[in-house]
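Notes follow the structure.
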Amino acid sequence: MAALVMFVGDFMEETTMPARTTRQEARARIRAAFEAQLDRMIPEDEDVPLKGATFSDFEDQVETLARTTLPVAIEERAALSPHAEVETGGRCPYCGSDHVYLKQGATQSEVRSPHGPVVLFNQYARCRSCDRSFSPSGS
Ligand SMILES: [Zn+2]
């Protein structure tokens with residue numbers, strides 16, 4: 001959770017970037033999530049006993065590894081999209097007008113992935129001509 005809060009903080013400072021993160025930051029966050037869970041599952045210290053005894057236990061451990069790290073990979077990949085953050089609202093998809101403004105800030109939404117919940121950022125634009133709201137990135 002702490003990593004997510006930091007990530008939101010970085011996002012607010014980098015409003016001029018089309019992607020919400022850099023490759024280097026994305027790779028580091030994915031790696032950190034994986035390493036943290038791997039350390040719990042298979043501690044490097046040989047004196048720390050391994051948990052679990054049955055194949056079912058091992059499957060559960062790997063499932064936990066997947067659920068804690070794969071959503072992070074999805075979030076980071078989405079944040080690297082060139083459409084992750086737009087600077088203008090573009091054209092209204094309903095009436096075609098370009099009298100569009102971006103609403104302040106972004107909202108977060110949680111979507112289900114096959115590996116667990118993923119937090120995505122959404123921006124909204126509003127059309128001055130027809131007064132409708134839409135996602136400027138089309139997401
Ligand atoms: Zn419109």
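Lettering and numbering for the structure tokens are positional, with chains as A, B, ... in the shown order, residues counted from 1 in each chain, and ligands counted from 1 in the shown order.
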Counting only C-alpha atoms and all ligand atoms, which residues in chain A sit no more than 10 Å from ligand 1? For each one, give the nearest pair of atoms and the distance in Å, sorted by chain then residue number, as JSON lines.
```
{"residue": "A:Arg91", "atom": "CA", "partner": "ligand 1", "partner_atom_place_in_ligand_line": "1 (Zn)", "distance": 7.8}
{"residue": "A:Cys92", "atom": "CA", "partner": "ligand 1", "partner_atom_place_in_ligand_line": "1 (Zn)", "distance": 4.6}
{"residue": "A:Pro93", "atom": "CA", "partner": "ligand 1", "partner_atom_place_in_ligand_line": "1 (Zn)", "distance": 6.7}
{"residue": "A:Tyr94", "atom": "CA", "partner": "ligand 1", "partner_atom_place_in_ligand_line": "1 (Zn)", "distance": 5.1}
{"residue": "A:Cys95", "atom": "CA", "partner": "ligand 1", "partner_atom_place_in_ligand_line": "1 (Zn)", "distance": 4.1}
{"residue": "A:Gly96", "atom": "CA", "partner": "ligand 1", "partner_atom_place_in_ligand_line": "1 (Zn)", "distance": 6.0}
{"residue": "A:Ser97", "atom": "CA", "partner": "ligand 1", "partner_atom_place_in_ligand_line": "1 (Zn)", "distance": 5.4}
{"residue": "A:Asp98", "atom": "CA", "partner": "ligand 1", "partner_atom_place_in_ligand_line": "1 (Zn)", "distance": 7.9}
{"residue": "A:His99", "atom": "CA", "partner": "ligand 1", "partner_atom_place_in_ligand_line": "1 (Zn)", "distance": 7.7}
{"residue": "A:Val100", "atom": "CA", "partner": "ligand 1", "partner_atom_place_in_ligand_line": "1 (Zn)", "distance": 7.6}
{"residue": "A:Arg126", "atom": "CA", "partner": "ligand 1", "partner_atom_place_in_ligand_line": "1 (Zn)", "distance": 7.7}
{"residue": "A:Cys127", "atom": "CA", "partner": "ligand 1", "partner_atom_place_in_ligand_line": "1 (Zn)", "distance": 4.6}
{"residue": "A:Arg128", "atom": "CA", "partner": "ligand 1", "partner_atom_place_in_ligand_line": "1 (Zn)", "distance": 6.7}
{"residue": "A:Ser129", "atom": "CA", "partner": "ligand 1", "partner_atom_place_in_ligand_line": "1 (Zn)", "distance": 5.1}
{"residue": "A:Cys130", "atom": "CA", "partner": "ligand 1", "partner_atom_place_in_ligand_line": "1 (Zn)", "distance": 4.1}
{"residue": "A:Asp131", "atom": "CA", "partner": "ligand 1", "partner_atom_place_in_ligand_line": "1 (Zn)", "distance": 6.2}
{"residue": "A:Arg132", "atom": "CA", "partner": "ligand 1", "partner_atom_place_in_ligand_line": "1 (Zn)", "distance": 5.9}
{"residue": "A:Ser133", "atom": "CA", "partner": "ligand 1", "partner_atom_place_in_ligand_line": "1 (Zn)", "distance": 8.2}
{"residue": "A:Phe134", "atom": "CA", "partner": "ligand 1", "partner_atom_place_in_ligand_line": "1 (Zn)", "distance": 9.2}
```
If you take only C-alpha atoms and a cut-off of 9 Å, which residues of region 92-137 of chain A touch region 53-70 of chain A, and what are their nearest atom pairs and distances in Å to one decimal, in chain and number order, as a tab-separated table?
```
residue	atom	partner	partner_atom	distance
A:Pro114	CA	A:Arg67	CA	8.8
A:His115	CA	A:Arg67	CA	5.1
A:Gly116	CA	A:Arg67	CA	5.6
A:Pro117	CA	A:Arg67	CA	8.5
```
Take the residues from that selection and write them out as a tab-separated table (two decimals), in the first residue's frame, keeping N, CA and C atoms.
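That gives us part_5.tsv:
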```
chain	number	residue	atom	x	y	z
A	114	PRO	N	-7.29	-11.25	-14.00
A	114	PRO	CA	-7.30	-12.68	-13.65
A	114	PRO	C	-6.46	-12.98	-12.41
A	115	HIS	N	-5.58	-12.05	-12.03
A	115	HIS	CA	-4.67	-12.30	-10.92
A	115	HIS	C	-4.99	-11.47	-9.69
A	116	GLY	N	-6.07	-10.69	-9.74
A	116	GLY	CA	-6.43	-9.89	-8.58
A	116	GLY	C	-6.75	-8.48	-8.98
A	117	PRO	N	-7.16	-7.65	-7.99
A	117	PRO	CA	-7.57	-6.28	-8.30
A	117	PRO	C	-6.41	-5.41	-8.78
```
Q | alpha helix (DSSP H) positions in region 15-59 of chain A, given as JSON, numbers by chain | A | {"A": [23, 24, 25, 26, 27, 28, 29, 30, 31, 32, 33, 34, 35, 36, 37, 38, 39, 40, 41, 55, 56, 57, 58, 59]}
Output the selection as a compact mmCIF listing (two decimals), in the first residue's frame - N, CA and C atoms for each residue.
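So selection_30.txt came out as:
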```txt
# COMPACT_ATOMS: atom_id res chain seq x y z
N ARG A 23 9.99 3.78 -17.74
CA ARG A 23 10.30 2.34 -17.79
C ARG A 23 11.12 1.92 -16.58
N GLN A 24 12.07 2.77 -16.24
CA GLN A 24 12.94 2.43 -15.12
C GLN A 24 12.13 2.30 -13.82
N GLU A 25 11.22 3.24 -13.57
CA GLU A 25 10.40 3.19 -12.36
C GLU A 25 9.45 2.00 -12.39
N ALA A 26 8.89 1.73 -13.56
CA ALA A 26 7.96 0.60 -13.69
C ALA A 26 8.68 -0.71 -13.40
N ARG A 27 9.85 -0.88 -14.00
CA ARG A 27 10.62 -2.11 -13.79
C ARG A 27 11.01 -2.26 -12.33
N ALA A 28 11.40 -1.15 -11.71
CA ALA A 28 11.82 -1.20 -10.30
C ALA A 28 10.65 -1.59 -9.40
N ARG A 29 9.47 -1.06 -9.68
CA ARG A 29 8.32 -1.36 -8.82
C ARG A 29 7.87 -2.82 -8.98
N ILE A 30 7.88 -3.31 -10.21
CA ILE A 30 7.50 -4.71 -10.45
C ILE A 30 8.50 -5.64 -9.77
N ARG A 31 9.78 -5.32 -9.95
CA ARG A 31 10.84 -6.14 -9.35
C ARG A 31 10.74 -6.13 -7.82
N ALA A 32 10.47 -4.97 -7.24
CA ALA A 32 10.39 -4.85 -5.77
C ALA A 32 9.22 -5.67 -5.23
N ALA A 33 8.09 -5.64 -5.94
CA ALA A 33 6.93 -6.41 -5.49
C ALA A 33 7.24 -7.90 -5.55
N PHE A 34 7.88 -8.33 -6.63
CA PHE A 34 8.23 -9.75 -6.78
C PHE A 34 9.24 -10.18 -5.72
N GLU A 35 10.29 -9.38 -5.56
CA GLU A 35 11.35 -9.71 -4.59
C GLU A 35 10.80 -9.81 -3.17
N ALA A 36 9.90 -8.89 -2.80
CA ALA A 36 9.35 -8.88 -1.45
C ALA A 36 8.58 -10.17 -1.18
N GLN A 37 7.78 -10.60 -2.16
CA GLN A 37 7.00 -11.81 -1.97
C GLN A 37 7.88 -13.05 -2.04
N LEU A 38 8.88 -13.01 -2.91
CA LEU A 38 9.82 -14.14 -3.01
C LEU A 38 10.58 -14.32 -1.69
N ASP A 39 10.94 -13.20 -1.06
CA ASP A 39 11.64 -13.27 0.23
C ASP A 39 10.76 -13.94 1.29
N ARG A 40 9.44 -13.74 1.21
CA ARG A 40 8.53 -14.40 2.16
C ARG A 40 8.42 -15.90 1.84
N MET A 41 8.38 -16.20 0.54
CA MET A 41 8.17 -17.59 0.14
C MET A 41 9.44 -18.43 0.27
N PHE A 55 2.15 -30.30 -1.46
CA PHE A 55 2.11 -29.67 -2.79
C PHE A 55 1.06 -28.57 -2.83
N SER A 56 -0.05 -28.81 -2.11
CA SER A 56 -1.12 -27.82 -2.05
C SER A 56 -0.62 -26.53 -1.39
N ASP A 57 0.21 -26.67 -0.35
CA ASP A 57 0.80 -25.48 0.30
C ASP A 57 1.66 -24.71 -0.71
N PHE A 58 2.45 -25.45 -1.50
CA PHE A 58 3.34 -24.80 -2.47
C PHE A 58 2.53 -24.06 -3.53
N GLU A 59 1.44 -24.72 -3.96
CA GLU A 59 0.57 -24.06 -4.95
C GLU A 59 -0.01 -22.77 -4.37
```
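Backbone DSSP over chain A gives strand (DSSP E or B) for Val100, Tyr101, Leu102, Thr107, Gln108, Ser109, Glu110, Val111, Arg112, Ser113, Gly116, Pro117, Val118, Val119, Leu120, Phe121, Asn122, Ala125, Arg126, Cys127, Ser133 and Phe134 of chain A.
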Dump of N, CA and C atoms for the selected residues, as a short mmCIF file (atom, residue, chain, number, x, y, z; two decimals), in the first residue's frame:
```cif
data_model
loop_
_atom_site.label_atom_id
_atom_site.label_comp_id
_atom_site.auth_asym_id
_atom_site.auth_seq_id
_atom_site.Cartn_x
_atom_site.Cartn_y
_atom_site.Cartn_z
N VAL A 100 -13.90 21.42 -25.29
CA VAL A 100 -13.81 20.37 -24.27
C VAL A 100 -12.78 20.78 -23.24
N TYR A 101 -13.07 20.51 -22.00
CA TYR A 101 -12.04 20.77 -20.98
C TYR A 101 -11.83 19.53 -20.12
N LEU A 102 -10.59 19.41 -19.65
CA LEU A 102 -10.25 18.29 -18.77
C LEU A 102 -10.68 18.64 -17.35
N THR A 107 -9.22 10.18 -11.20
CA THR A 107 -9.82 9.29 -10.23
C THR A 107 -9.17 7.91 -10.36
N GLN A 108 -9.26 7.14 -9.31
CA GLN A 108 -8.74 5.79 -9.34
C GLN A 108 -9.92 4.83 -9.41
N SER A 109 -9.76 3.80 -10.19
CA SER A 109 -10.79 2.77 -10.18
C SER A 109 -10.10 1.42 -10.05
N GLU A 110 -10.80 0.51 -9.41
CA GLU A 110 -10.24 -0.83 -9.22
C GLU A 110 -10.94 -1.76 -10.19
N VAL A 111 -10.16 -2.43 -11.01
CA VAL A 111 -10.74 -3.40 -11.93
C VAL A 111 -10.20 -4.78 -11.58
N ARG A 112 -10.96 -5.79 -11.95
CA ARG A 112 -10.53 -7.16 -11.68
C ARG A 112 -9.66 -7.67 -12.82
N SER A 113 -8.51 -8.21 -12.49
CA SER A 113 -7.69 -8.90 -13.48
C SER A 113 -7.75 -10.38 -13.12
N GLY A 116 -6.07 -10.69 -9.74
CA GLY A 116 -6.43 -9.89 -8.58
C GLY A 116 -6.75 -8.48 -8.98
N PRO A 117 -7.16 -7.65 -7.99
CA PRO A 117 -7.57 -6.28 -8.30
C PRO A 117 -6.41 -5.41 -8.78
N VAL A 118 -6.70 -4.56 -9.75
CA VAL A 118 -5.71 -3.66 -10.32
C VAL A 118 -6.26 -2.24 -10.20
N VAL A 119 -5.43 -1.31 -9.74
CA VAL A 119 -5.85 0.08 -9.61
C VAL A 119 -5.43 0.85 -10.86
N LEU A 120 -6.41 1.44 -11.52
CA LEU A 120 -6.13 2.23 -12.72
C LEU A 120 -6.54 3.68 -12.48
N PHE A 121 -5.88 4.58 -13.22
CA PHE A 121 -6.19 6.00 -13.11
C PHE A 121 -7.06 6.41 -14.29
N ASN A 122 -8.05 7.22 -14.02
CA ASN A 122 -8.94 7.69 -15.08
C ASN A 122 -9.00 9.20 -15.06
N ALA A 125 -13.11 14.24 -19.15
CA ALA A 125 -13.27 15.51 -19.85
C ALA A 125 -14.75 15.82 -19.93
N ARG A 126 -15.05 17.11 -20.09
CA ARG A 126 -16.45 17.51 -20.22
C ARG A 126 -16.58 18.40 -21.45
N CYS A 127 -17.66 18.19 -22.18
CA CYS A 127 -17.92 18.96 -23.40
C CYS A 127 -18.79 20.17 -23.07
N SER A 133 -19.87 14.02 -20.30
CA SER A 133 -18.53 13.67 -19.80
C SER A 133 -18.05 12.42 -20.51
N PHE A 134 -16.74 12.33 -20.64
CA PHE A 134 -16.16 11.13 -21.27
C PHE A 134 -14.71 10.99 -20.84
#
```
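Between CA of Thr88 (chain A) and CA of Pro71 (chain A) the interatomic distance comes to 28.4 Å.
Distances from A:Leu80, A:Leu50, A:Ala106, A:Ile74 to Arg20 (chain A) were compared using only C-alpha atoms, and the smallest one belongs to A:Leu80.
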